[in-house]
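Novice: Below you'll find work34.tsv; it's TSV, C-alpha atoms.
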chain	number	residue	atom	x	y	z
A	1	MET	CA	170.11	171.36	273.18
A	2	LYS	CA	169.21	168.62	275.64
A	3	ILE	CA	170.08	164.99	274.93
A	4	THR	CA	168.58	162.11	276.92
A	5	PHE	CA	169.81	158.52	276.80
A	6	TYR	CA	167.03	155.92	276.68
A	7	GLY	CA	169.27	152.86	276.52
A	8	HIS	CA	171.09	150.96	273.78
A	9	ALA	CA	171.19	153.43	270.84
A	10	SER	CA	167.98	155.28	271.74
A	11	LEU	CA	168.17	159.03	272.31
A	12	GLY	CA	165.85	161.94	272.87
A	13	ILE	CA	166.89	165.39	271.65
A	14	GLU	CA	165.14	168.61	272.60
A	15	VAL	CA	166.08	171.58	270.47
A	16	ASN	CA	164.30	174.74	269.34
A	17	GLY	CA	161.11	173.60	271.00
A	18	LYS	CA	161.03	170.30	269.10
A	19	HIS	CA	161.37	166.74	270.37
A	20	ILE	CA	163.41	164.27	268.34
A	21	LEU	CA	163.76	160.55	269.03
A	22	VAL	CA	166.62	158.54	267.56
A	23	ASP	CA	166.44	154.76	267.02
A	24	PRO	CA	163.77	154.01	269.64
A	25	TYR	CA	164.36	150.53	271.06
A	26	ILE	CA	163.00	150.84	274.58
A	27	SER	CA	159.98	148.66	275.42
A	28	ALA	CA	161.85	145.35	274.99
A	29	ASN	CA	165.03	146.50	276.73
A	30	PRO	CA	164.93	145.29	280.37
A	31	GLN	CA	167.53	147.90	281.29
A	32	ALA	CA	165.09	150.63	280.19
A	33	SER	CA	162.03	149.23	281.98
A	34	HIS	CA	161.66	152.46	283.96
A	35	ILE	CA	161.20	154.49	280.75
A	36	ASP	CA	157.53	154.95	279.81
A	37	VAL	CA	157.58	154.76	276.04
A	38	HIS	CA	153.93	155.83	275.95
A	39	SER	CA	154.72	159.23	277.41
A	40	LEU	CA	157.72	160.12	275.24
A	41	LYS	CA	157.24	163.21	273.08
A	42	ALA	CA	158.26	163.11	269.43
A	43	ASP	CA	157.92	165.56	266.57
A	44	PHE	CA	160.52	163.67	264.53
A	45	ILE	CA	161.95	160.14	264.68
A	46	LEU	CA	165.40	159.70	263.14
A	47	LEU	CA	166.38	156.17	262.15
A	48	THR	CA	169.93	155.17	261.28
A	49	HIS	CA	168.98	151.75	259.92
A	50	ALA	CA	166.25	149.10	260.00
A	51	HIS	CA	167.43	146.54	262.56
A	52	GLY	CA	164.93	145.60	265.23
A	53	ASP	CA	167.07	146.97	268.04
A	54	HIS	CA	166.71	150.43	266.46
A	55	ILE	CA	163.12	150.51	265.14
A	56	LEU	CA	161.14	148.44	267.66
A	57	ASP	CA	159.00	151.28	269.07
A	58	VAL	CA	158.76	153.44	265.96
A	59	GLU	CA	155.21	152.57	264.94
A	60	ALA	CA	153.69	152.83	268.42
A	61	ILE	CA	155.31	156.21	269.01
A	62	ALA	CA	154.60	157.60	265.54
A	63	ARG	CA	150.99	156.47	265.66
A	64	ARG	CA	150.47	158.31	268.95
A	65	THR	CA	152.51	161.44	268.23
A	66	HIS	CA	152.18	161.75	264.43
A	67	ALA	CA	155.94	162.26	264.32
A	68	VAL	CA	157.71	162.51	260.97
A	69	ILE	CA	160.03	159.55	260.39
A	70	VAL	CA	163.35	160.65	258.87
A	71	SER	CA	165.66	158.06	257.35
A	72	ASN	CA	166.97	156.71	254.08
A	73	ALA	CA	164.58	156.37	251.16
A	74	GLU	CA	163.89	152.69	251.73
A	75	ILE	CA	163.06	153.04	255.43
A	76	ALA	CA	161.04	156.22	254.89
A	77	GLY	CA	159.13	154.49	252.10
A	78	TYR	CA	158.49	151.41	254.24
A	79	TYR	CA	156.75	153.54	256.86
A	80	ALA	CA	155.02	155.78	254.32
A	81	ASP	CA	153.42	152.66	252.82
A	82	LYS	CA	151.99	151.97	256.28
A	83	GLY	CA	150.45	155.43	256.44
A	84	PHE	CA	153.06	157.20	258.56
A	85	SER	CA	154.50	160.62	257.78
A	86	SER	CA	158.07	160.33	256.56
A	87	HIS	CA	160.91	162.28	255.02
A	88	PRO	CA	163.32	160.31	252.79
A	89	MET	CA	167.03	161.10	252.60
A	90	ASN	CA	170.17	159.56	251.18
A	91	HIS	CA	173.91	159.77	251.75
A	92	GLY	CA	175.39	163.23	251.36
A	93	GLY	CA	172.00	164.93	251.25
A	94	SER	CA	170.76	167.45	253.79
A	95	TRP	CA	167.49	169.15	254.68
A	96	ASN	CA	166.54	172.16	256.76
A	97	PHE	CA	163.91	171.06	259.27
A	98	ASP	CA	162.32	173.51	261.67
A	99	PHE	CA	164.68	172.36	264.46
A	100	GLY	CA	167.85	172.63	262.35
A	101	LYS	CA	169.77	171.20	259.43
A	102	VAL	CA	170.18	167.44	259.10
A	103	LYS	CA	172.69	165.71	256.86
A	104	TYR	CA	172.56	161.97	256.21
A	105	VAL	CA	176.08	160.52	256.16
A	106	SER	CA	177.73	157.17	255.56
A	107	ALA	CA	177.92	154.25	257.97
A	108	VAL	CA	179.34	150.75	257.46
A	109	HIS	CA	176.90	148.18	258.83
A	110	SER	CA	173.95	146.14	257.56
A	111	SER	CA	170.27	147.09	257.41
A	112	SER	CA	167.15	145.00	256.98
A	113	PHE	CA	163.80	145.00	258.75
A	114	PRO	CA	162.90	142.11	261.06
A	115	ASP	CA	160.31	141.02	258.47
A	116	GLY	CA	163.03	140.74	255.84
A	117	SER	CA	162.16	143.93	253.98
A	118	ASN	CA	164.95	145.98	252.46
A	119	GLY	CA	166.28	148.59	254.88
A	120	GLY	CA	168.52	150.27	252.34
A	121	ASN	CA	172.00	151.40	253.31
A	122	PRO	CA	172.69	152.37	256.94
A	123	GLY	CA	173.71	155.89	257.81
A	124	GLY	CA	174.32	158.50	260.46
A	125	PHE	CA	173.16	162.07	261.01
A	126	VAL	CA	174.95	165.37	261.40
A	127	ILE	CA	172.61	167.86	263.08
A	128	GLU	CA	173.38	171.57	263.06
A	129	SER	CA	171.05	173.46	265.36
A	130	GLU	CA	170.87	176.22	267.96
A	131	HIS	CA	174.59	176.96	267.65
A	132	LYS	CA	175.35	173.35	268.67
A	133	ASN	CA	176.34	170.64	266.22
A	134	ILE	CA	176.24	166.91	266.85
A	135	TYR	CA	177.12	163.77	264.93
A	136	ILE	CA	175.17	160.55	265.49
A	137	SER	CA	177.22	157.91	263.73
A	138	GLY	CA	174.69	155.09	263.93
A	139	ASP	CA	175.92	151.52	264.07
A	140	THR	CA	179.16	151.59	262.13
A	141	ALA	CA	182.71	150.47	261.77
A	142	LEU	CA	185.47	153.04	261.87
A	143	THR	CA	185.57	154.65	258.42
A	144	MET	CA	187.77	157.14	256.62
A	145	ASP	CA	184.58	158.96	255.55
A	146	MET	CA	184.38	160.34	259.08
A	147	LYS	CA	187.25	162.66	258.14
A	148	LEU	CA	184.90	164.49	255.79
A	149	ILE	CA	182.58	165.66	258.58
A	150	PRO	CA	184.80	168.37	260.13
A	151	MET	CA	185.46	169.76	256.66
A	152	ARG	CA	181.90	171.07	256.74
A	153	THR	CA	180.84	171.07	260.39
A	154	LYS	CA	182.59	171.88	263.67
A	155	LEU	CA	181.13	169.42	266.16
A	156	ASP	CA	180.25	169.99	269.80
A	157	LEU	CA	179.47	166.31	270.44
A	158	ALA	CA	179.97	163.00	268.67
A	159	ILE	CA	177.78	160.01	269.52
A	160	PHE	CA	179.48	156.68	268.83
A	161	PRO	CA	178.72	152.98	269.43
A	162	ILE	CA	181.45	151.46	271.58
A	163	GLY	CA	180.25	147.92	272.32
A	164	ASP	CA	182.36	146.08	269.72
A	165	ASN	CA	181.28	142.85	267.93
A	166	PHE	CA	178.53	144.54	265.85
A	167	THR	CA	180.16	148.01	265.71
A	168	MET	CA	183.30	149.92	266.60
A	169	ASP	CA	185.00	149.18	269.88
A	170	VAL	CA	186.40	151.73	272.32
A	171	GLU	CA	189.80	151.98	270.61
A	172	ASP	CA	188.23	152.55	267.19
A	173	ALA	CA	185.85	155.12	268.67
A	174	ILE	CA	188.86	157.04	269.98
A	175	ILE	CA	190.29	157.11	266.47
A	176	ALA	CA	186.87	158.12	265.14
A	177	SER	CA	186.86	161.06	267.54
A	178	ASP	CA	190.19	162.13	266.03
A	179	PHE	CA	188.76	161.80	262.53
A	180	VAL	CA	185.74	164.02	263.33
A	181	GLU	CA	187.89	166.40	265.42
A	182	CYS	CA	185.66	166.18	268.49
A	183	ASP	CA	186.89	165.31	271.98
A	184	LYS	CA	183.47	165.19	273.68
A	185	ILE	CA	181.92	161.76	273.09
A	186	LEU	CA	178.66	160.13	274.16
A	187	GLY	CA	178.93	156.35	274.11
A	188	ILE	CA	175.98	154.19	273.03
A	189	HIS	CA	175.26	150.62	271.86
A	190	TYR	CA	176.89	148.82	274.79
A	191	ASP	CA	175.84	146.45	277.61
A	192	THR	CA	172.39	145.65	276.16
A	193	PHE	CA	173.36	142.14	275.08
A	194	GLY	CA	176.09	139.76	276.14
A	195	TYR	CA	178.02	140.39	272.93
A	196	ILE	CA	178.48	144.09	273.71
A	197	LYS	CA	179.28	144.24	277.42
A	198	ILE	CA	182.05	146.71	278.21
A	199	ASP	CA	184.22	147.72	281.16
A	200	HIS	CA	183.00	151.27	281.89
A	201	GLU	CA	185.99	152.41	283.91
A	202	ASP	CA	188.45	151.07	281.36
A	203	ALA	CA	186.61	152.75	278.48
A	204	ILE	CA	186.48	156.13	280.25
A	205	ARG	CA	190.15	155.85	281.19
A	206	LYS	CA	191.22	155.08	277.62
A	207	PHE	CA	189.45	158.19	276.35
A	208	PHE	CA	190.83	160.27	279.22
A	209	ASN	CA	194.38	159.16	278.46
A	210	LYS	CA	193.92	160.59	274.96
A	211	GLY	CA	192.65	163.91	276.32
A	212	LYS	CA	189.03	163.10	275.56
A	213	ASP	CA	185.79	162.99	277.56
A	214	LEU	CA	183.68	159.83	277.21
A	215	MET	CA	180.22	160.09	278.76
A	216	LEU	CA	178.34	156.92	279.66
A	217	LEU	CA	174.94	158.11	280.82
A	218	LYS	CA	172.58	156.16	283.01
A	219	ILE	CA	169.38	155.33	281.16
A	220	GLY	CA	167.03	158.27	281.54
A	221	ASP	CA	169.81	160.77	282.31
A	222	SER	CA	170.46	163.84	280.16
A	223	ILE	CA	173.16	166.29	279.19
A	224	GLU	CA	172.80	169.89	278.03
A	225	LEU	CA	174.92	171.40	275.28
Output the file's structure in the form of structure tokens.

Specialist:
Amino acid sequence: MKITFYGHASLGIEVNGKHILVDPYISANPQASHIDVHSLKADFILLTHAHGDHILDVEAIARRTHAVIVSNAEIAGYYADKGFSSHPMNHGGSWNFDFGKVKYVSAVHSSSFPDGSNGGNPGGFVIESEHKNIYISGDTALTMDMKLIPMRTKLDLAIFPIGDNFTMDVEDAIIASDFVECDKILGIHYDTFGYIKIDHEDAIRKFFNKGKDLMLLKIGDSIEL
């Protein structure tokens, strides 16, 4: 499994010969100006919620790639009404896709489209695939529900927002990593806007002092699991 960071909360996942994009907000992010959104491959697009900084490039990418949009029922229906392929989910439900099993789990945040349409309830994804399991929390506060995840799935990587203000901060993300019983963390949702600037060295040190590994990838860089 290969995971590429495209800035903010945008990720690319390559697994079992399939390309998955998560929350593609790239073309309007100056920090990701070197990423060519028109060349990104996508068989599936996973969306945690409907905010503009998570869905900006969905339609352009899906129109070009014919990717299946996977999200909650409201978001999937929104795109289905526009003629896009979609797969609706809801909290606690899972589905076996050809790249692996996906479970849609709780997140505490808000969710509405930039045009005011209902974005349903926000969520995260647990992906079990190719003997590697990951948790993408989406934009969320720290929640006790995170303790449920390791009851069903042993994680190899947890992907958490760490920018504070709109989501968890670094300290809460450390607690979240305890809750999900995973010490390998990929940080997202930081530095894009003034509200969510972080001190990289301080964040990495705080995780390290708890015996954990926080990865802050440069935009365009990848890790292999």

Novice: Can you work out which one of A:Ile35, A:Leu21, A:Ile75, A:Leu186 has the shortest atom-to-atom distance to Ala62 of chain A, counting all atoms listed in the file?

Specialist: A:Leu21

Novice: For atom CA of Ile185 of chain A and atom CA of Ser71 of chain A, quote the distance in Å rounded to one decimal.

Specialist: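 Between atom CA of Ile185 of chain A and atom CA of Ser71 of chain A the gap works out to 22.9 Å.
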
Novice: Got a sec: who's within 8 Å of Ser106 of chain A, counting only C-alpha atoms, leaving out chain neighbours fewer than 5 positions off, as a list in words?

Specialist: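 Returned residues: His91, Gly92, Pro122, Gly123, Gly124 and Asp145 of chain A.
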
Novice: From the list A:Asn29, A:Ser177, A:Asn121, A:Asn72, which residue is nearest Asp156 of chain A when using only C-alpha atoms?

Specialist: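 Residue with the minimum atom-to-atom distance to Asp156 of chain A: A:Ser177.
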
Novice: When distances are computed from all atoms listed in the file, which of A:Ile127, A:Ile61, A:Val37, A:Ala42 shows the smallest separation from Gly17 of chain A?

Specialist: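 Result for the nearest residue to Gly17 of chain A: A:Ala42.
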